[in-house]
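Have a look at the structure below, then the notes.
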Amino acid sequence: MIVNQFLVLAAALFAIGIYGLLIRRNIVLILLSVELMLNAVNINLIAFESMLDTPEAIGQVFAVFVITVAAAEVGIGLAIVLMIFRNRQSANVDDLNLMRW
Amino acid sequence: MSLDAWISEPVNWVFLVIGLGVLFAAFRVVTAQNVVHAALYLVGALAGTAGLFLILSAEFVAWVLVLVYIGAVIVLFLFGIMITRAPTGLDEGLSADRKLWPALLSLALFVAMAWGSIEAFGTDPVTTTGSATATELLGESLLGRFVVPFEIVSFVLLAALIGGITIARRDLTPVEEEERASV
C-alpha cells in the first residue's frame, strides 16, 4: 500500500462534497455534503498517521477530535434548520432571502 | 512501485473494492433525488471509510466512526429530514439547475489536490504493522499529551448540546403561557 492511494481517494471525496455543497438547495442535504468533506479529512489524517507511524498515534487522536466537532456541528446545524423551518416553512436555501441586500 | 507490484498485493484489491464503493455512495449522496436515500447512501460511504480505517490498522477510530456517525449522526439527520417534512418522494427541486460550474470547480479542485499529493509523496509506502493500534496507546495519548484539547472538545460538545436545545425549542405563545399559569 502506498500513501497516495488514500490521499487521492480523500481528494475525490472532498471534491464530491464541494460539488454537493454547491448544487444542493435543501439545507439538510448541504449538511450531508459537509459530512462527506469532514470524512475525507479523516481519511487523510489516518493515512498520514499510518505513513509517519507516530509514537503517540497523533493522527488518530485528531481524527477523534474531528469526529467530535462534526457531531457538535450537526447538532447545532439541525437545530438552526429546525428554527428556520418553523419560521419560514421551508428548508430551501433559495427561500432564505431575509438578510439579502 | 510499478502497477503490477501494486496490484499483486491482496490488500490493494480490498482497497479498490471498498474505495470504489465509497466513491459511488458519495456520488449518490450528492445526486440522489430522494432525501432519505441520500442520508442512507451516506451510511454506505461512512461504513466504507470505517473499512479503510481498519485496513490502516486504526481500529478504535473505525468503531468510533461506526458508533458516532452511523449510530447517532445519521439518526439525527433522518429526524431532521422527517421534521422539516422535506419531500420524501422524488423531487427535481433538491438540486440547483446550473450544475456545470460547480462540476468544473470541484473537478479542478480534485485535480489540484491529487496532483499535489502525487508530486509530493510519489510512491511512499504506508507502514502498517499488521496489528491494530493499541487502544491503550490512544487513551494514554488522549489523557496525557492531548488532555487540554480533549477537555476543550468535551466542553464544545456540551456547549453545542445546550445551544442546540436553546435554538430548537419553541417559545410558548402568550395564550399557552396563560393556560400553563392557570393550571
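The chains in the C-alpha cells are called A, B, ... from first to last as shown; in each chain the residues are counted from 1, and the ligands are counted from 1 in the order shown.
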Q: as a ChimeraX atom specification, please: all residues of chain A that backbone DSSP puts in helix (DSSP H, G or I).
A: /A:3-23,27-52,58-88,93-95
Residue selection dump (C-alpha atoms) as a short mmCIF file (atom, residue, chain, number, x, y, z; two decimals), in the first residue's frame:
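Writing the result to out.cif gives the following:
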data_model
loop_
_atom_site.label_atom_id
_atom_site.label_comp_id
_atom_site.auth_asym_id
_atom_site.auth_seq_id
_atom_site.Cartn_x
_atom_site.Cartn_y
_atom_site.Cartn_z
CA VAL A 3 0.02 6.59 0.90
CA ASN A 4 -1.14 8.22 -2.33
CA GLN A 5 -3.98 5.82 -2.96
CA PHE A 6 -5.64 7.06 0.23
CA LEU A 7 -4.81 10.71 -0.45
CA VAL A 8 -6.29 10.61 -3.96
CA LEU A 9 -9.43 8.87 -2.68
CA ALA A 10 -9.80 11.51 0.05
CA ALA A 11 -9.31 14.27 -2.56
CA ALA A 12 -12.07 12.73 -4.69
CA LEU A 13 -14.41 12.51 -1.68
CA PHE A 14 -13.66 16.13 -0.79
CA ALA A 15 -14.36 17.28 -4.36
CA ILE A 16 -17.65 15.37 -4.38
CA GLY A 17 -18.55 17.08 -1.09
CA ILE A 18 -17.78 20.51 -2.58
CA TYR A 19 -19.93 19.67 -5.61
CA GLY A 20 -22.85 18.66 -3.38
CA LEU A 21 -22.40 21.78 -1.27
CA LEU A 22 -22.70 23.96 -4.37
CA ILE A 23 -25.59 22.29 -6.20
CA ILE A 27 -30.20 22.70 3.86
CA VAL A 28 -30.20 19.16 5.27
CA LEU A 29 -28.56 17.88 2.08
CA ILE A 30 -25.94 20.64 2.29
CA LEU A 31 -25.10 19.43 5.80
CA LEU A 32 -24.76 15.89 4.42
CA SER A 33 -22.20 17.17 1.90
CA VAL A 34 -20.26 18.85 4.71
CA GLU A 35 -20.14 15.49 6.50
CA LEU A 36 -18.62 13.94 3.37
CA MET A 37 -15.87 16.57 3.36
CA LEU A 38 -15.09 16.05 7.05
CA ASN A 39 -14.90 12.34 6.33
CA ALA A 40 -12.32 12.94 3.59
CA VAL A 41 -10.21 14.88 6.09
CA ASN A 42 -10.37 11.94 8.49
CA ILE A 43 -9.07 9.56 5.80
CA ASN A 44 -6.13 11.91 5.25
CA LEU A 45 -5.34 12.07 8.97
CA ILE A 46 -5.38 8.29 9.38
CA ALA A 47 -3.32 7.72 6.21
CA PHE A 48 -0.63 10.17 7.30
CA GLU A 49 -0.61 8.70 10.78
CA SER A 50 -0.04 5.30 9.23
CA MET A 51 2.74 6.63 7.00
CA LEU A 52 4.64 8.52 9.69
CA ILE A 58 -1.41 11.66 16.94
CA GLY A 59 -3.32 11.28 13.67
CA GLN A 60 -5.90 9.04 15.28
CA VAL A 61 -6.30 11.44 18.20
CA PHE A 62 -7.05 14.27 15.79
CA ALA A 63 -9.45 12.09 13.82
CA VAL A 64 -11.37 11.55 17.07
CA PHE A 65 -11.41 15.32 17.63
CA VAL A 66 -12.72 15.92 14.10
CA ILE A 67 -15.48 13.35 14.64
CA THR A 68 -16.48 15.05 17.91
CA VAL A 69 -16.59 18.52 16.38
CA ALA A 70 -18.58 17.14 13.43
CA ALA A 71 -21.15 15.69 15.82
CA ALA A 72 -21.47 19.06 17.58
CA GLU A 73 -21.76 20.80 14.20
CA VAL A 74 -24.60 18.51 13.12
CA GLY A 75 -26.48 19.11 16.38
CA ILE A 76 -26.28 22.89 16.07
CA GLY A 77 -26.86 22.84 12.32
CA LEU A 78 -30.03 20.79 12.53
CA ALA A 79 -31.31 22.96 15.39
CA ILE A 80 -30.86 26.02 13.19
CA VAL A 81 -32.56 24.26 10.25
CA LEU A 82 -35.45 23.39 12.55
CA MET A 83 -35.84 27.00 13.67
CA ILE A 84 -35.64 28.32 10.09
CA PHE A 85 -38.23 25.78 9.02
CA ARG A 86 -40.54 26.79 11.85
CA ASN A 87 -40.30 30.47 10.95
CA ARG A 88 -40.38 30.22 7.16
CA VAL A 93 -31.71 27.95 0.79
CA ASP A 94 -33.29 29.88 -2.09
CA ASP A 95 -36.11 30.95 0.24
#
(Q) Please report the interatomic distance between CA of Phe24 in chain B and CA of Ala47 in chain B in Å with one decimal. (A) 12.7 Å
Q: Considering only C-alpha atoms, state which residue in the set B:Leu143, B:Val126, B:Val11, B:Leu104 is at the smallest distance from chain A.
A: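 Of B:Leu143, B:Val126, B:Val11, B:Leu104, the one nearest chain A is B:Val126, counting only C-alpha atoms.
Reported to one decimal place, the separation of CA of Ile7 in chain B from CA of Arg28 in chain B is 27.4 Å.
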(Q) Please determine, counting only C-alpha atoms, which residue among B:Phe15, B:Trp115, B:Tyr41, B:Phe110 has the shortest atom-to-atom distance to chain A. (A) B:Phe110
